[in-house]
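Enquirer: Here you go, this is protein03.cif (mmCIF, C-alpha atoms).
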data_protein
loop_
_atom_site.label_atom_id
_atom_site.label_comp_id
_atom_site.auth_asym_id
_atom_site.auth_seq_id
_atom_site.Cartn_x
_atom_site.Cartn_y
_atom_site.Cartn_z
CA MET Q 68 68.57 208.88 128.87
CA PRO Q 69 69.39 205.15 128.79
CA GLU Q 70 67.08 202.76 130.55
CA SER Q 71 68.32 201.37 133.85
CA GLY Q 72 65.16 199.81 135.20
CA PRO Q 73 62.33 201.58 137.02
CA HIS Q 74 63.32 203.53 140.13
CA TYR Q 75 61.03 203.30 143.13
CA ASP Q 76 60.86 203.11 146.92
CA VAL Q 77 58.68 200.86 149.08
CA ARG Q 78 57.53 201.45 152.64
CA GLY Q 79 54.77 200.12 154.87
CA SER Q 80 52.50 197.11 154.57
CA GLY Q 81 49.03 196.37 153.32
CA PRO Q 82 47.42 196.83 149.90
CA VAL Q 83 49.75 198.32 147.30
CA LEU Q 84 49.36 202.07 146.73
CA LEU Q 85 51.43 203.37 143.81
CA VAL Q 86 52.36 207.06 144.10
CA LEU Q 87 53.22 209.00 140.93
CA PRO Q 88 54.80 212.37 141.88
CA GLY Q 89 54.30 215.53 139.88
CA GLY Q 90 56.80 217.89 138.26
CA ALA Q 91 59.69 215.94 136.79
CA GLY Q 92 58.77 212.97 138.98
CA HIS Q 93 61.10 213.73 141.90
CA PRO Q 94 59.28 212.67 145.10
CA MET Q 95 60.56 215.67 147.05
CA GLY Q 96 58.20 216.87 149.75
CA LEU Q 97 56.12 213.69 149.79
CA GLY Q 98 57.92 211.99 152.70
CA PRO Q 99 55.44 212.88 155.48
CA PHE Q 100 52.52 212.02 153.18
CA THR Q 101 53.84 208.56 152.26
CA GLU Q 102 54.93 207.88 155.86
CA ARG Q 103 51.39 208.57 157.05
CA LEU Q 104 49.93 206.19 154.47
CA ALA Q 105 52.50 203.47 155.17
CA ALA Q 106 50.57 202.55 158.31
CA ARG Q 107 47.74 201.28 156.08
CA PHE Q 108 49.29 200.57 152.67
CA THR Q 109 52.39 199.26 151.01
CA VAL Q 110 53.34 202.62 149.53
CA VAL Q 111 55.35 202.32 146.31
CA THR Q 112 56.70 205.70 145.14
CA TYR Q 113 57.76 205.75 141.50
CA ASP Q 114 60.61 208.04 140.42
CA PRO Q 115 60.37 207.95 136.59
CA LEU Q 116 63.63 209.78 135.87
CA GLY Q 117 65.52 208.37 138.85
CA LEU Q 118 66.18 211.90 140.12
CA ALA Q 119 66.09 210.77 143.75
CA HIS Q 120 68.09 207.64 142.90
CA GLY Q 121 71.41 209.04 141.75
CA ARG Q 122 70.43 210.34 138.30
CA LEU Q 123 70.02 214.03 139.15
CA GLY Q 124 72.58 215.88 137.06
CA LEU Q 125 72.53 213.38 134.18
CA PRO Q 126 71.13 214.32 130.75
CA VAL Q 127 67.35 214.15 130.31
CA GLU Q 128 65.37 214.07 127.08
CA ASP Q 129 61.83 215.26 126.37
CA GLN Q 130 59.42 213.01 128.21
CA ARG Q 131 56.35 211.12 127.02
CA VAL Q 132 53.31 210.28 129.12
CA GLU Q 133 53.34 206.73 127.77
CA ARG Q 134 56.90 206.22 128.95
CA TRP Q 135 55.94 207.16 132.50
CA SER Q 136 52.86 204.91 132.51
CA ASP Q 137 54.81 202.00 131.03
CA GLY Q 138 57.39 202.48 133.78
CA ALA Q 139 54.61 202.53 136.36
CA ARG Q 140 53.30 199.23 134.97
CA ARG Q 141 56.79 197.74 135.32
CA VAL Q 142 56.91 198.91 138.93
CA LEU Q 143 53.59 197.18 139.58
CA ASP Q 144 54.90 194.03 137.90
CA ALA Q 145 57.77 194.08 140.39
CA THR Q 146 55.82 194.92 143.55
CA LEU Q 147 52.19 193.80 143.23
CA PRO Q 148 51.48 190.25 144.43
CA ASP Q 149 49.82 187.90 141.96
CA GLY Q 150 46.06 188.12 141.99
CA GLU Q 151 45.95 191.52 143.70
CA GLN Q 152 45.01 194.96 142.39
CA ALA Q 153 46.75 198.23 143.17
CA TYR Q 154 45.58 201.66 144.15
CA VAL Q 155 47.19 204.57 142.33
CA VAL Q 156 47.46 208.26 143.17
CA GLY Q 157 49.09 210.66 140.73
CA PHE Q 158 49.85 214.32 141.24
CA SER Q 159 49.92 216.92 138.45
CA SER Q 160 52.07 215.42 135.65
CA GLY Q 161 51.97 212.15 137.59
CA GLY Q 162 48.18 212.42 137.47
CA ILE Q 163 48.34 212.47 133.66
CA ALA Q 164 50.52 209.34 133.76
CA ALA Q 165 47.95 207.75 136.08
CA LEU Q 166 45.19 208.40 133.54
CA ASP Q 167 47.30 206.84 130.80
CA LEU Q 168 48.09 203.87 133.05
CA LEU Q 169 44.38 203.31 133.55
CA ALA Q 170 43.66 203.63 129.82
CA ARG Q 171 46.47 201.32 128.66
CA HIS Q 172 47.14 198.93 131.56
CA PRO Q 173 43.92 198.68 133.59
CA GLN Q 174 43.99 194.99 134.42
CA ARG Q 175 45.55 195.17 137.88
CA LEU Q 176 44.17 198.51 139.08
CA ALA Q 177 41.46 198.89 141.70
CA HIS Q 178 41.16 202.68 142.01
CA VAL Q 179 43.04 205.53 140.35
CA VAL Q 180 43.06 209.03 141.87
CA ALA Q 181 44.42 211.79 139.63
CA HIS Q 182 44.98 215.02 141.57
CA GLU Q 183 44.95 218.22 139.50
CA PRO Q 184 46.39 216.76 136.30
CA PRO Q 185 47.09 219.55 133.76
CA CYS Q 186 45.37 217.41 131.14
CA VAL Q 187 43.68 220.32 129.38
CA ALA Q 188 43.26 218.94 125.84
CA PRO Q 189 39.66 217.69 126.40
CA LEU Q 190 38.47 221.06 127.79
CA PRO Q 191 36.20 223.19 125.59
CA ASP Q 192 39.02 225.78 125.55
CA GLY Q 193 41.70 223.11 125.50
CA GLU Q 194 43.62 224.49 122.52
CA ARG Q 195 43.93 227.89 124.18
CA GLN Q 196 45.11 226.38 127.44
CA ARG Q 197 47.63 224.13 125.68
CA GLY Q 198 48.91 227.21 123.89
CA ARG Q 199 49.36 229.06 127.18
CA PHE Q 200 51.42 226.21 128.60
CA GLN Q 201 53.56 226.23 125.46
CA GLU Q 202 54.14 229.95 126.04
CA VAL Q 203 55.46 229.08 129.51
CA VAL Q 204 57.90 226.61 127.95
CA ALA Q 205 59.03 229.27 125.47
CA THR Q 206 59.48 231.74 128.33
CA TYR Q 207 61.64 229.23 130.16
CA ARG Q 208 63.88 228.73 127.13
CA ALA Q 209 64.22 232.47 126.51
CA GLU Q 210 64.25 233.96 130.02
CA GLY Q 211 64.91 231.18 132.50
CA PRO Q 212 62.96 229.42 135.25
CA ALA Q 213 62.03 232.42 137.38
CA ALA Q 214 60.10 234.11 134.56
CA ALA Q 215 58.59 230.77 133.52
CA ALA Q 216 57.45 230.02 137.06
CA ARG Q 217 55.66 233.36 137.20
CA GLY Q 218 54.02 232.63 133.87
CA LEU Q 219 52.97 229.18 135.00
CA GLY Q 220 51.38 230.62 138.12
CA ALA Q 221 49.45 233.07 135.96
CA VAL Q 222 48.18 230.28 133.71
CA LEU Q 223 47.01 228.15 136.62
CA GLU Q 224 45.28 231.09 138.30
CA GLY Q 225 43.74 232.37 135.05
CA ARG Q 226 45.69 235.64 135.05
CA GLU Q 227 47.67 237.33 132.34
CA PRO Q 228 51.38 236.49 132.55
CA ILE Q 229 53.58 238.79 134.59
CA SER Q 230 56.33 240.36 132.56
CA ALA Q 231 59.89 239.36 133.36
CA GLY Q 232 62.00 241.65 135.45
CA GLY Q 233 59.87 241.95 138.57
CA GLY Q 234 59.53 239.84 141.66
CA GLU Q 235 61.92 237.59 143.51
CA GLU Q 236 64.20 235.47 141.35
CA THR Q 237 64.80 231.79 142.04
CA VAL Q 238 66.82 229.14 140.24
CA GLY Q 239 68.95 230.70 137.52
CA GLU Q 240 68.63 234.29 138.75
CA GLY Q 241 66.36 235.32 135.87
CA ARG Q 242 68.49 233.94 133.03
CA PRO Q 243 68.37 230.84 130.83
CA LEU Q 244 70.26 227.89 132.30
CA GLY Q 245 73.03 225.92 130.68
CA ARG Q 246 72.23 222.25 130.11
CA GLN Q 247 74.50 221.00 132.90
CA GLU Q 248 73.11 223.54 135.35
CA GLU Q 249 69.58 222.71 134.26
CA SER Q 250 70.07 218.98 134.81
CA ASN Q 251 70.63 219.61 138.53
CA HIS Q 252 67.25 221.31 139.09
CA PRO Q 253 64.04 219.21 138.98
CA MET Q 254 61.89 222.31 138.35
CA ALA Q 255 64.03 223.29 135.38
CA LEU Q 256 63.80 219.75 134.00
CA PHE Q 257 60.03 219.89 134.39
CA LEU Q 258 59.77 223.18 132.52
CA ARG Q 259 61.94 222.08 129.60
CA HIS Q 260 61.17 218.38 129.25
CA VAL Q 261 57.80 217.59 130.87
CA LEU Q 262 55.40 220.54 130.84
CA GLY Q 263 55.06 220.87 127.06
CA PRO Q 264 54.54 217.23 126.06
CA PHE Q 265 52.38 216.37 129.07
CA THR Q 266 49.97 219.29 128.67
CA GLY Q 267 49.71 218.37 124.99
CA TYR Q 268 48.60 214.83 125.83
CA ALA Q 269 45.11 213.75 124.75
CA PRO Q 270 43.72 210.83 126.80
CA ASP Q 271 42.04 207.86 125.17
CA ARG Q 272 38.45 208.55 126.15
CA ALA Q 273 37.15 205.30 124.67
CA ALA Q 274 39.55 203.29 126.83
CA LEU Q 275 38.78 205.30 129.96
CA THR Q 276 35.01 204.89 129.53
CA ALA Q 277 35.05 201.29 128.27
CA PRO Q 278 32.09 199.30 129.69
CA HIS Q 279 34.43 196.54 130.87
CA ARG Q 280 36.58 198.92 132.94
CA THR Q 281 36.40 197.71 136.51
CA ALA Q 282 38.83 200.11 138.17
CA ARG Q 283 37.31 203.15 139.82
CA LEU Q 284 38.52 206.59 138.72
CA THR Q 285 38.48 209.75 140.82
CA LEU Q 286 39.60 213.17 139.61
CA ALA Q 287 40.63 215.35 142.53
CA ALA Q 288 41.49 218.97 143.22
CA GLY Q 289 42.52 221.01 146.24
CA ALA Q 290 40.07 223.20 148.11
CA ASP Q 291 42.50 226.11 147.78
CA SER Q 292 42.45 225.70 143.98
CA ARG Q 293 38.76 226.53 143.61
CA GLY Q 294 38.24 228.91 140.70
CA GLN Q 295 41.58 227.97 139.12
CA LEU Q 296 42.33 226.12 135.90
CA LEU Q 297 43.24 222.73 137.33
CA TYR Q 298 40.21 222.58 139.62
CA ARG Q 299 38.03 223.22 136.59
CA THR Q 300 40.00 220.65 134.62
CA ALA Q 301 39.53 217.96 137.27
CA GLU Q 302 35.80 218.62 137.48
CA PHE Q 303 35.45 218.45 133.70
CA LEU Q 304 37.56 215.30 133.31
CA ALA Q 305 35.54 213.48 135.97
CA GLY Q 306 32.45 213.55 133.78
CA TRP Q 307 34.33 213.28 130.49
CA ALA Q 308 36.22 210.13 131.56
CA GLY Q 309 33.43 208.47 133.52
CA GLY Q 310 34.87 209.09 136.96
CA ASP Q 311 34.04 210.81 140.23
CA PHE Q 312 35.25 214.14 141.57
CA ALA Q 313 36.67 214.69 145.07
CA GLU Q 314 38.05 217.72 146.86
CA PHE Q 315 41.19 217.43 148.98
CA PRO Q 316 42.85 219.69 151.57
CA GLY Q 317 45.24 222.39 150.38
CA GLY Q 318 45.99 223.41 146.82
CA HIS Q 319 48.02 222.00 143.95
CA VAL Q 320 50.71 220.64 146.30
CA GLY Q 321 48.35 219.77 149.12
CA ALA Q 322 49.98 216.37 149.69
CA ALA Q 323 53.12 218.25 150.78
CA THR Q 324 51.58 221.20 152.61
CA HIS Q 325 48.74 219.27 154.30
CA ALA Q 326 50.34 215.83 154.43
CA ALA Q 327 48.36 214.25 157.29
CA GLU Q 328 44.95 215.61 156.27
CA PHE Q 329 45.57 214.78 152.62
CA ALA Q 330 46.72 211.23 153.42
CA ASP Q 331 43.72 210.59 155.67
CA ARG Q 332 41.33 211.89 153.01
CA LEU Q 333 42.92 209.61 150.42
CA ALA Q 334 42.92 206.58 152.71
CA GLY Q 335 39.25 207.14 153.48
CA LEU Q 336 38.39 207.42 149.80
CA LEU Q 337 40.27 204.24 148.96
CA SER Q 338 38.72 202.40 151.89
CA LEU Q 339 35.26 203.25 150.58
CA SER Q 340 36.13 201.80 147.19
CA ARG Q 341 37.27 198.57 148.89
CA LEU Q 342 33.82 198.23 150.45
CA ASN Q 343 31.95 198.79 147.17
#
Kindly return the structure encoded in the file as structure tokens.

Expert:
Amino acid sequence: MPESGPHYDVRGSGPVLLVLPGGAGHPMGLGPFTERLAARFTVVTYDPLGLAHGRLGLPVEDQRVERWSDGARRVLDATLPDGEQAYVVGFSSGGIAALDLLARHPQRLAHVVAHEPPCVAPLPDGERQRGRFQEVVATYRAEGPAAAARGLGAVLEGREPISAGGGEETVGEGRPLGRQEESNHPMALFLRHVLGPFTGYAPDRAALTAPHRTARLTLAAGADSRGQLLYRTAEFLAGWAGGDFAEFPGGHVGAATHAAEFADRLAGLLSLSRLN
């Protein structure tokens, strides 16, 4: 996909809070969450593939974590006043990009919150978990998004995958999608172009734990995700990367399903870091 500049939206006033959505980066479902925060922050929502900015339906290539974090840095260059530092919250795949942003471009960051990033490589069973995500990608390519979504749910919940052929079908009606059809569905783009490379990403631990790092790091997970893979991952990464751990309302998509409570929890957490 040719570069056309970083795509982002800005609302509110106050300290800059950069939001990195999950999935394929489409900010769908985050409107009430960002609106709530806009009363206290200048909320800058990054859309790495421009899916909400007229590029849905255009060809997409396999994504790299570094590309998303470099784009996020460019967004900060365009929106962050000189001499100020930004807050960052990243969800799922956006949480992985937030970790990479902190490792590679930490200079203007005050506090990074990564909510349930599927950054499983550092886990003691990281190879197994990466392999399970790759199986989901293979299922998507062979059987379509409905079967892959069931498999992904099984991975996140620590269950064995459900065989194709049962349950309610969604996008694609249980069949592989053509490329043009696929390009119109953010979930399909996530399954083909984001899930594999992002779950294979290995963070730079030395950069994240560098003694001169001044930005605060919090790994977060939803209360409804207790006992699941990404809750365990967030807890592990907090210690591994020299950060804190915090629990938020809801589950993996708590910012959408519990927008007000989630936003207030985040604002309180960031306010505490401003006082320290």

Enquirer: Neighbouring residues of region 152-163 of chain Q were defined as those with any atom within 9 Å, considering all atoms listed in the file; residues of the same chain fewer than 6 positions away were excluded. Please report them as a PDB file with C-alpha atoms, in the coordinates of the input.

Expert:
ATOM      1  CA  PRO Q  82      47.420 196.830 149.900  1.00  0.00           C
ATOM      2  CA  VAL Q  83      49.750 198.320 147.300  1.00  0.00           C
ATOM      3  CA  LEU Q  84      49.360 202.070 146.730  1.00  0.00           C
ATOM      4  CA  LEU Q  85      51.430 203.370 143.810  1.00  0.00           C
ATOM      5  CA  VAL Q  86      52.360 207.060 144.100  1.00  0.00           C
ATOM      6  CA  LEU Q  87      53.220 209.000 140.930  1.00  0.00           C
ATOM      7  CA  PRO Q  88      54.800 212.370 141.880  1.00  0.00           C
ATOM      8  CA  GLY Q  89      54.300 215.530 139.880  1.00  0.00           C
ATOM      9  CA  GLY Q  90      56.800 217.890 138.260  1.00  0.00           C
ATOM     10  CA  ALA Q  91      59.690 215.940 136.790  1.00  0.00           C
ATOM     11  CA  GLY Q  92      58.770 212.970 138.980  1.00  0.00           C
ATOM     12  CA  VAL Q 132      53.310 210.280 129.120  1.00  0.00           C
ATOM     13  CA  TRP Q 135      55.940 207.160 132.500  1.00  0.00           C
ATOM     14  CA  SER Q 136      52.860 204.910 132.510  1.00  0.00           C
ATOM     15  CA  LEU Q 143      53.590 197.180 139.580  1.00  0.00           C
ATOM     16  CA  GLN Q 174      43.990 194.990 134.420  1.00  0.00           C
ATOM     17  CA  ARG Q 175      45.550 195.170 137.880  1.00  0.00           C
ATOM     18  CA  LEU Q 176      44.170 198.510 139.080  1.00  0.00           C
ATOM     19  CA  ALA Q 177      41.460 198.890 141.700  1.00  0.00           C
ATOM     20  CA  HIS Q 178      41.160 202.680 142.010  1.00  0.00           C
ATOM     21  CA  VAL Q 179      43.040 205.530 140.350  1.00  0.00           C
ATOM     22  CA  VAL Q 180      43.060 209.030 141.870  1.00  0.00           C
ATOM     23  CA  ALA Q 181      44.420 211.790 139.630  1.00  0.00           C
ATOM     24  CA  HIS Q 182      44.980 215.020 141.570  1.00  0.00           C
ATOM     25  CA  GLU Q 183      44.950 218.220 139.500  1.00  0.00           C
ATOM     26  CA  PRO Q 184      46.390 216.760 136.300  1.00  0.00           C
ATOM     27  CA  PRO Q 185      47.090 219.550 133.760  1.00  0.00           C
ATOM     28  CA  CYS Q 186      45.370 217.410 131.140  1.00  0.00           C
ATOM     29  CA  VAL Q 261      57.800 217.590 130.870  1.00  0.00           C
ATOM     30  CA  LEU Q 262      55.400 220.540 130.840  1.00  0.00           C
ATOM     31  CA  PHE Q 265      52.380 216.370 129.070  1.00  0.00           C
ATOM     32  CA  THR Q 266      49.970 219.290 128.670  1.00  0.00           C
ATOM     33  CA  TYR Q 268      48.600 214.830 125.830  1.00  0.00           C
ATOM     34  CA  PRO Q 270      43.720 210.830 126.800  1.00  0.00           C
ATOM     35  CA  LEU Q 286      39.600 213.170 139.610  1.00  0.00           C
ATOM     36  CA  LEU Q 297      43.240 222.730 137.330  1.00  0.00           C
ATOM     37  CA  HIS Q 319      48.020 222.000 143.950  1.00  0.00           C
ATOM     38  CA  VAL Q 320      50.710 220.640 146.300  1.00  0.00           C
ATOM     39  CA  ALA Q 322      49.980 216.370 149.690  1.00  0.00           C
ATOM     40  CA  LEU Q 333      42.920 209.610 150.420  1.00  0.00           C
ATOM     41  CA  LEU Q 337      40.270 204.240 148.960  1.00  0.00           C
TER      42      LEU Q 337
END

Enquirer: To test your reading of the syntax: which residues would the PyMOL selection byres ((chain Q and resi 328) around 12) return for the file shown? Reply as a PDB file with C-alpha atoms, in the coordinates of the input.

Expert:
ATOM      1  CA  PRO Q  99      55.440 212.880 155.480  1.00  0.00           C
ATOM      2  CA  PHE Q 100      52.520 212.020 153.180  1.00  0.00           C
ATOM      3  CA  ARG Q 103      51.390 208.570 157.050  1.00  0.00           C
ATOM      4  CA  LEU Q 104      49.930 206.190 154.470  1.00  0.00           C
ATOM      5  CA  GLY Q 289      42.520 221.010 146.240  1.00  0.00           C
ATOM      6  CA  GLU Q 314      38.050 217.720 146.860  1.00  0.00           C
ATOM      7  CA  PHE Q 315      41.190 217.430 148.980  1.00  0.00           C
ATOM      8  CA  PRO Q 316      42.850 219.690 151.570  1.00  0.00           C
ATOM      9  CA  GLY Q 317      45.240 222.390 150.380  1.00  0.00           C
ATOM     10  CA  GLY Q 321      48.350 219.770 149.120  1.00  0.00           C
ATOM     11  CA  ALA Q 322      49.980 216.370 149.690  1.00  0.00           C
ATOM     12  CA  ALA Q 323      53.120 218.250 150.780  1.00  0.00           C
ATOM     13  CA  THR Q 324      51.580 221.200 152.610  1.00  0.00           C
ATOM     14  CA  HIS Q 325      48.740 219.270 154.300  1.00  0.00           C
ATOM     15  CA  ALA Q 326      50.340 215.830 154.430  1.00  0.00           C
ATOM     16  CA  ALA Q 327      48.360 214.250 157.290  1.00  0.00           C
ATOM     17  CA  PHE Q 329      45.570 214.780 152.620  1.00  0.00           C
ATOM     18  CA  ALA Q 330      46.720 211.230 153.420  1.00  0.00           C
ATOM     19  CA  ASP Q 331      43.720 210.590 155.670  1.00  0.00           C
ATOM     20  CA  ARG Q 332      41.330 211.890 153.010  1.00  0.00           C
ATOM     21  CA  LEU Q 333      42.920 209.610 150.420  1.00  0.00           C
ATOM     22  CA  ALA Q 334      42.920 206.580 152.710  1.00  0.00           C
ATOM     23  CA  GLY Q 335      39.250 207.140 153.480  1.00  0.00           C
TER      24      GLY Q 335
END

Enquirer: Could you name the residues that touch region 73-78 of chain Q at 12 Å or less, counting all atoms listed in the file, but leaving out those on the same chain fewer than 6 positions away, as a PyMOL selection string?

Expert: chain Q and resi 84-88+92-94+97-122+134-147

Enquirer: Grab the CA of Gly124 (chain Q) to CA of Ala209 (chain Q) distance for me, in Å with one decimal place.

Expert: 21.4 Å

Enquirer: In Å to one decimal, how far is CA of Pro253 (chain Q) from CA of Gly96 (chain Q)?

Expert: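 A separation of 12.5 Å between them.
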
Enquirer: With distances taken over only C-alpha atoms, which of Q:Met95, Q:Ala308, Q:Val203, Q:Leu258 is nearest to Asp129 (chain Q)?

Expert: Q:Leu258

Enquirer: From the list Q:Gly267, Q:Arg171, Q:Ala214, Q:Arg199, which residue is nearest Glu227 (chain Q) when using all atoms listed in the file?

Expert: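 Of Q:Gly267, Q:Arg171, Q:Ala214, Q:Arg199, the one nearest Glu227 (chain Q) is Q:Arg199, counting all atoms listed in the file.
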
Enquirer: Which residues would end up in the selection if the PyMOL selection byres ((chain Q and resi 298-301) around 6) were applied here, given that I need the answer as an NGL selection string?

Expert: :Q and (183 or 286-288 or 292-293 or 295-297 or 302-304)

Enquirer: Please enumerate the residues selected by the PyMOL selection byres ((chain Q and resi 224) around 8) when evaluated against the supplied file, formatted as a list in words.

Expert: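 Applied to this file, the PyMOL selection byres ((chain Q and resi 224) around 8) selects Gly220, Ala221, Val222, Leu223, Gly225, Arg226, Gly294, Gln295 and Leu296 of chain Q.
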